[in-house]
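These notes are about the structure you will find just below.
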Amino acid sequence: MSHIEELKDFYRGKRVLVTGHTGFKGSWLCVLLSYLGAEVFGYSLEPDTKPALFSMLYGEDHEGELRLRAGKDSGAMTEACADSGIPKPVIHSHIGDIRDFEELRSFFEKAKPEIVIHLAAQPIVRESYVIPRETYEINVMGTVNLLECVRSIPGCRSVLNVTTDKVYLNEEREGYGYREDDKLDGFDPYSNSKSCSELVTHSYKAAFFDGMDIRVSTARAGNVIGGGDFAKDRIIPDFVRAVKDKKPLRVRNPYSTRPYQHVLEPLFSYLYIAMRQWEDASLAGWYNVGPDDCDCVTTGELCDLFEKAYGEGACWRSEAEKDAPHEASFLKLDNSKLKDTFCLHPVWHIDEAIGASADWTKAWLLSDEAANEELIRQVKAFAGAF
């Protein structure tokens, strides 16, 4: 049985709670879970960008039962979900703050999730220098609040906390991919708060969940790219804005190296880990979810690839920024544990990931409906190769 067939068999009818579902990764994950046949519950703040992918997919009213918008009648998504038996792809959305324990607990009790995917976070490194206290509140105490819900409300069996590749003590070692047993000690407030979130999860697992037969893992993902990311201070969203404004992109550090991957790569891996640990408690643990070495490229190389894939006047130039806050110049993950444990390998390498991002951007500049259709097409294409 293929990986995608396993996922469809497993998730069909499962109650899945996604925190941070209105964000970039959360929006893609909601569509993917619908494609797999899950009953999706989302808890998140309002989208923090305008435009926002979630609004494009589900409309401007983000509370309640939401139906995917794709084309005039969502026909493409209905077709995409047909094999999973979902005639009407719907999610149950609640707008709430992960820091508000009582509100989160109330929604958790109503949702009665069997599986939880924790994405809610303040995810921007440079923003964490501006709002460090809020970053820690969201990324650390938000995790505590969620795990308390899992601990105190029966029914949940599988939990995945999504952190980041930046949780490691980064010694800037050229060519070295960080492994799951390397020291956790992120430098900036964002990275460090995610290191703390990892440690909180480890503690709850050892102190509570192992004795409750609740399976918990963390996933440390590399930099994700893909259509619909409108966050500030991210290279592809910045390039998309530059293309829209018909201006060259200004790149502050074209020589920094990062493990880039299309957003569907980690999302499929998250769901696979959550499924497999449900089936086998010994598989719960800590996993790097990153690309192969060949897909760890510099920012400048990434920009060259997007410029070539998009064409039509897309261009960039290097423009160093004075007195910029510290960001690591070299970061790479070792993904061998994920491969060895689950036989999961990257599906789209960097050229394909950039091509998909450029295709979505071109569709979006035509209309939101065209962008949604392109997103669904990409979900189906990736699933077919997974």
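Labeling convention for the structure tokens: chains A, B, ... as they appear, residues from 1 per chain, ligands from 1 in order of appearance.
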Excluding stretch 242-253 of chain A and its own-chain neighbours fewer than 2 positions away, which residues fall within 8 Å of it when counting only C-alpha atoms? Please give them as a PyMOL selection string.
chain A and resi 235+238-240+255-256+299-300+313-321+365
Residues just named, written with C-alpha atoms as an mmCIF file, in the first residue's frame:
data_model
loop_
_atom_site.group_PDB
_atom_site.id
_atom_site.type_symbol
_atom_site.label_atom_id
_atom_site.label_comp_id
_atom_site.auth_asym_id
_atom_site.auth_seq_id
_atom_site.Cartn_x
_atom_site.Cartn_y
_atom_site.Cartn_z
ATOM 1 C CA ILE A 235 12.114 35.547 0.887
ATOM 2 C CA ASP A 238 8.868 39.258 -0.489
ATOM 3 C CA PHE A 239 9.583 38.183 -4.069
ATOM 4 C CA VAL A 240 5.865 37.709 -4.775
ATOM 5 C CA TYR A 255 24.690 34.106 1.073
ATOM 6 C CA SER A 256 22.788 32.548 3.998
ATOM 7 C CA THR A 299 19.074 32.779 -0.486
ATOM 8 C CA GLY A 300 20.622 34.077 -3.687
ATOM 9 C CA GLY A 313 10.347 40.441 -15.488
ATOM 10 C CA ALA A 314 10.964 38.939 -12.037
ATOM 11 C CA CYS A 315 14.381 40.069 -10.799
ATOM 12 C CA TRP A 316 16.350 40.704 -7.613
ATOM 13 C CA ARG A 317 19.439 42.468 -6.357
ATOM 14 C CA SER A 318 21.641 42.229 -3.289
ATOM 15 C CA GLU A 319 21.259 45.084 -0.833
ATOM 16 C CA ALA A 320 22.885 44.537 2.551
ATOM 17 C CA GLU A 321 21.019 45.876 5.570
ATOM 18 C CA LEU A 365 -2.463 37.426 -10.012
#
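By chain and then residue number, the residues within 9 Å of A:Lys232 are Thr49, Ile124, Pro237 and Asp238 of chain A, counting only C-alpha atoms and disregarding those fewer than 4 positions away in sequence.
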Could you write out that same residue set with N, CA and C atoms as a compact mmCIF listing (two decimals), in the first residue's frame?
# COMPACT_ATOMS: atom_id res chain seq x y z
N THR A 49 -2.21 38.51 8.04
CA THR A 49 -1.76 39.18 6.82
C THR A 49 -2.97 39.57 5.96
N ILE A 124 8.04 34.45 13.30
CA ILE A 124 8.99 35.29 12.56
C ILE A 124 10.17 35.66 13.45
N PRO A 237 7.65 35.21 -0.16
CA PRO A 237 6.60 36.23 -0.07
C PRO A 237 7.09 37.62 -0.47
N ASP A 238 8.32 37.96 -0.08
CA ASP A 238 8.87 39.26 -0.49
C ASP A 238 9.03 39.33 -2.00
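Here atom CA of A:Val130 and atom CA of A:Gln261 stand 27.2 Å from one another.
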Could you list, as a list in words, every residue within 8 Å of A:Val289, counting only C-alpha atoms and ignoring same-chain residues fewer than 4 positions away?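 Result of the neighbour search: Ala219, Arg220, Ala221, Gly222, Pro266, Ser269, Leu333, Asn335 and Leu338 of chain A.
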- request: Tell me, as a ChimeraX atom specification, which residues lie within 12 Å of A:Ala356, counting only C-alpha atoms; anything in the same chain fewer than 6 positions away does not count.
  value: /A:225-228,236,261-264,305-306,309-310,348-350,362-363,371,374-379,381-382
Take the residues that were just selected and, keeping N, CA and C atoms, output them as a PDB file, in the first residue's frame.
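Contents of again_36.pdb, as written:
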ATOM      1  N   ILE A 225       8.289  26.858   1.645  1.00  0.00           N
ATOM      2  CA  ILE A 225       7.879  27.808   0.622  1.00  0.00           C
ATOM      3  C   ILE A 225       6.642  27.246  -0.072  1.00  0.00           C
ATOM      4  N   GLY A 226       5.910  28.113  -0.745  1.00  0.00           N
ATOM      5  CA  GLY A 226       4.718  27.665  -1.449  1.00  0.00           C
ATOM      6  C   GLY A 226       3.736  28.804  -1.624  1.00  0.00           C
ATOM      7  N   GLY A 227       2.736  28.579  -2.442  1.00  0.00           N
ATOM      8  CA  GLY A 227       1.748  29.597  -2.727  1.00  0.00           C
ATOM      9  C   GLY A 227       0.936  29.986  -1.510  1.00  0.00           C
ATOM     10  N   GLY A 228       0.687  31.277  -1.358  1.00  0.00           N
ATOM     11  CA  GLY A 228      -0.193  31.758  -0.310  1.00  0.00           C
ATOM     12  C   GLY A 228       0.490  32.241   0.940  1.00  0.00           C
ATOM     13  N   ILE A 236      10.389  34.253  -0.331  1.00  0.00           N
ATOM     14  CA  ILE A 236       9.458  34.063  -1.437  1.00  0.00           C
ATOM     15  C   ILE A 236       8.264  35.027  -1.335  1.00  0.00           C
ATOM     16  N   GLN A 261      11.993  23.733   1.477  1.00  0.00           N
ATOM     17  CA  GLN A 261      11.135  22.658   0.984  1.00  0.00           C
ATOM     18  C   GLN A 261       9.739  23.221   0.735  1.00  0.00           C
ATOM     19  N   HIS A 262       9.025  22.584  -0.200  1.00  0.00           N
ATOM     20  CA  HIS A 262       7.646  22.998  -0.443  1.00  0.00           C
ATOM     21  C   HIS A 262       6.799  22.662   0.767  1.00  0.00           C
ATOM     22  N   VAL A 263       5.788  23.486   1.026  1.00  0.00           N
ATOM     23  CA  VAL A 263       4.967  23.338   2.229  1.00  0.00           C
ATOM     24  C   VAL A 263       4.313  21.961   2.330  1.00  0.00           C
ATOM     25  N   LEU A 264       4.006  21.334   1.212  1.00  0.00           N
ATOM     26  CA  LEU A 264       3.372  20.021   1.266  1.00  0.00           C
ATOM     27  C   LEU A 264       4.317  18.935   1.787  1.00  0.00           C
ATOM     28  N   LEU A 305      16.411  30.799  -8.786  1.00  0.00           N
ATOM     29  CA  LEU A 305      15.467  29.771  -9.219  1.00  0.00           C
ATOM     30  C   LEU A 305      14.069  30.351  -9.410  1.00  0.00           C
ATOM     31  N   PHE A 306      13.638  31.218  -8.494  1.00  0.00           N
ATOM     32  CA  PHE A 306      12.313  31.812  -8.633  1.00  0.00           C
ATOM     33  C   PHE A 306      12.265  32.758  -9.832  1.00  0.00           C
ATOM     34  N   ALA A 309      11.963  30.525 -12.842  1.00  0.00           N
ATOM     35  CA  ALA A 309      10.675  29.829 -12.924  1.00  0.00           C
ATOM     36  C   ALA A 309       9.544  30.782 -13.257  1.00  0.00           C
ATOM     37  N   TYR A 310       9.581  31.969 -12.698  1.00  0.00           N
ATOM     38  CA  TYR A 310       8.492  32.910 -12.917  1.00  0.00           C
ATOM     39  C   TYR A 310       8.638  33.638 -14.249  1.00  0.00           C
ATOM     40  N   TRP A 348       9.123  16.563  -3.921  1.00  0.00           N
ATOM     41  CA  TRP A 348       9.487  17.661  -4.822  1.00  0.00           C
ATOM     42  C   TRP A 348      10.801  18.274  -4.355  1.00  0.00           C
ATOM     43  N   HIS A 349      11.782  18.248  -5.232  1.00  0.00           N
ATOM     44  CA  HIS A 349      13.042  18.906  -4.910  1.00  0.00           C
ATOM     45  C   HIS A 349      12.914  20.399  -5.192  1.00  0.00           C
ATOM     46  N   ILE A 350      13.991  21.122  -4.980  1.00  0.00           N
ATOM     47  CA  ILE A 350      13.904  22.581  -4.924  1.00  0.00           C
ATOM     48  C   ILE A 350      13.374  23.191  -6.222  1.00  0.00           C
ATOM     49  N   LYS A 362       1.320  33.089 -10.314  1.00  0.00           N
ATOM     50  CA  LYS A 362       0.712  33.505 -11.581  1.00  0.00           C
ATOM     51  C   LYS A 362      -0.804  33.344 -11.541  1.00  0.00           C
ATOM     52  N   ALA A 363      -1.270  32.241 -10.940  1.00  0.00           N
ATOM     53  CA  ALA A 363      -2.717  32.027 -10.829  1.00  0.00           C
ATOM     54  C   ALA A 363      -3.344  33.085  -9.923  1.00  0.00           C
ATOM     55  N   ALA A 371      -6.197  30.840  -8.076  1.00  0.00           N
ATOM     56  CA  ALA A 371      -5.181  30.422  -7.114  1.00  0.00           C
ATOM     57  C   ALA A 371      -5.649  29.222  -6.314  1.00  0.00           C
ATOM     58  N   GLU A 374      -5.415  26.164  -8.408  1.00  0.00           N
ATOM     59  CA  GLU A 374      -4.018  25.745  -8.548  1.00  0.00           C
ATOM     60  C   GLU A 374      -3.538  25.051  -7.276  1.00  0.00           C
ATOM     61  N   LEU A 375      -3.933  25.548  -6.120  1.00  0.00           N
ATOM     62  CA  LEU A 375      -3.557  24.916  -4.857  1.00  0.00           C
ATOM     63  C   LEU A 375      -4.095  23.489  -4.787  1.00  0.00           C
ATOM     64  N   ILE A 376      -5.361  23.317  -5.157  1.00  0.00           N
ATOM     65  CA  ILE A 376      -5.961  21.988  -5.132  1.00  0.00           C
ATOM     66  C   ILE A 376      -5.273  21.068  -6.132  1.00  0.00           C
ATOM     67  N   ARG A 377      -4.941  21.604  -7.292  1.00  0.00           N
ATOM     68  CA  ARG A 377      -4.219  20.805  -8.284  1.00  0.00           C
ATOM     69  C   ARG A 377      -2.892  20.321  -7.719  1.00  0.00           C
ATOM     70  N   GLN A 378      -2.192  21.190  -6.989  1.00  0.00           N
ATOM     71  CA  GLN A 378      -0.901  20.817  -6.420  1.00  0.00           C
ATOM     72  C   GLN A 378      -1.053  19.767  -5.320  1.00  0.00           C
ATOM     73  N   VAL A 379      -2.101  19.881  -4.499  1.00  0.00           N
ATOM     74  CA  VAL A 379      -2.357  18.868  -3.474  1.00  0.00           C
ATOM     75  C   VAL A 379      -2.545  17.500  -4.134  1.00  0.00           C
ATOM     76  N   ALA A 381      -1.541  16.525  -7.151  1.00  0.00           N
ATOM     77  CA  ALA A 381      -0.325  16.086  -7.826  1.00  0.00           C
ATOM     78  C   ALA A 381       0.689  15.549  -6.815  1.00  0.00           C
ATOM     79  N   PHE A 382       0.842  16.248  -5.701  1.00  0.00           N
ATOM     80  CA  PHE A 382       1.798  15.801  -4.688  1.00  0.00           C
ATOM     81  C   PHE A 382       1.334  14.480  -4.070  1.00  0.00           C
TER      82      PHE A 382
END
Excluding A:Thr143 and any residue of its chain fewer than 4 positions from it, enumerate the residues within 9 Å of it, using only C-alpha atoms, and give them as a ChimeraX atom specification. /A:98-99,118,120,138-139,147-148,161,197,200-201
Q) Just asking: which residues within stretch 141-320 of chain A are strand (DSSP E) according to DSSP, as a PyMOL selection string? A) chain A and resi 158-162+215-221+223-225+249-251+257-262+286-289+296-298+316-318
Serialized selection, C-alpha atoms, as a short mmCIF file (atom, residue, chain, number, x, y, z; two decimals), in the first residue's frame:
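Writing the result to out.cif gives the following:
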data_model
loop_
_atom_site.label_atom_id
_atom_site.label_comp_id
_atom_site.auth_asym_id
_atom_site.auth_seq_id
_atom_site.Cartn_x
_atom_site.Cartn_y
_atom_site.Cartn_z
CA SER A 158 -1.89 11.27 18.94
CA VAL A 159 -0.27 14.72 19.25
CA LEU A 160 2.31 16.40 17.05
CA ASN A 161 3.97 19.67 18.11
CA VAL A 162 5.50 21.43 15.11
CA ARG A 215 1.55 9.32 21.77
CA VAL A 216 3.42 12.63 21.34
CA SER A 217 6.11 13.74 18.90
CA THR A 218 7.73 16.96 17.79
CA ALA A 219 8.63 17.81 14.21
CA ARG A 220 11.49 20.21 13.46
CA ALA A 221 10.83 21.48 9.97
CA ASN A 223 12.08 26.59 5.81
CA VAL A 224 8.87 26.10 3.85
CA ILE A 225 7.88 27.81 0.62
CA LEU A 249 13.43 42.29 -4.93
CA ARG A 250 16.03 43.64 -2.53
CA VAL A 251 17.82 40.81 -0.70
CA THR A 257 22.04 28.83 3.54
CA ARG A 258 18.72 27.28 4.54
CA PRO A 259 16.94 23.90 4.11
CA TYR A 260 14.09 24.93 1.79
CA GLN A 261 11.14 22.66 0.98
CA HIS A 262 7.65 23.00 -0.44
CA TRP A 286 11.57 13.93 17.84
CA TYR A 287 11.99 14.19 14.07
CA ASN A 288 13.77 16.51 11.68
CA VAL A 289 11.53 17.17 8.70
CA CYS A 296 19.84 23.31 0.99
CA VAL A 297 20.63 26.42 -1.02
CA THR A 298 21.64 30.01 -0.41
CA TRP A 316 16.35 40.70 -7.61
CA ARG A 317 19.44 42.47 -6.36
CA SER A 318 21.64 42.23 -3.29
#
For this session: Counting only C-alpha atoms, figure out which residue out of A:Leu169, A:Met212, A:Ala206, A:Ala231 gets nearest to A:Gly285.
Result: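 Closest residue, counting only C-alpha atoms: A:Ala206.
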Fill in: Residues flagged helix (DSSP H, G or I) by DSSP in stretch 80-237 of chain A, as a PyMOL selection string
chain A and resi 80-84+101-111+125-130+132-152+165-167+189-207+209-211+235-237
message: Which residues are close to A:Tyr11, i.e. within 7 Å by only C-alpha atoms, leaving aside same-chain residues fewer than 2 positions away? Reply as a list in words.
response: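 After dropping sequence-adjacent residues, the list is Leu7, Lys8, Asp9, Gly13, Lys14, Leu36, Gly37 and Ala38 of chain A.
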Can those selected residues be exported to a file as a PDB file, in the first residue's frame so that it contains C-alpha atoms?
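New file result.pdb:
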ATOM      1  CA  LEU A   7      -3.158   8.180   4.962  1.00  0.00           C
ATOM      2  CA  LYS A   8      -6.578   8.071   3.306  1.00  0.00           C
ATOM      3  CA  ASP A   9      -7.492   4.825   5.040  1.00  0.00           C
ATOM      4  CA  GLY A  13     -13.572  10.120   9.588  1.00  0.00           C
ATOM      5  CA  LYS A  14     -10.899  10.989  12.203  1.00  0.00           C
ATOM      6  CA  LEU A  36      -7.876  12.727   3.226  1.00  0.00           C
ATOM      7  CA  GLY A  37     -11.406  12.540   4.631  1.00  0.00           C
ATOM      8  CA  ALA A  38     -10.817  13.890   8.145  1.00  0.00           C
TER       9      ALA A  38
END
A:Lys339 proximity check over A:Val144, A:Val16, A:Cys303, A:Ile273, using only C-alpha atoms: winner is A:Ile273
Exercise. Select, from A:Ala121, A:Ala370, A:Val116, A:Leu57, the residue with the minimum atom-to-atom distance to A:Leu271, counting only C-alpha atoms.
Key: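 Selected residue with least distance to A:Leu271: A:Val116.
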Which residue gives the smallest distance to A:Val40 among A:Ile91, A:Leu344, A:Leu66, A:Met56, with only C-alpha atoms counted?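 Residue with the minimum atom-to-atom distance to A:Val40: A:Ile91.
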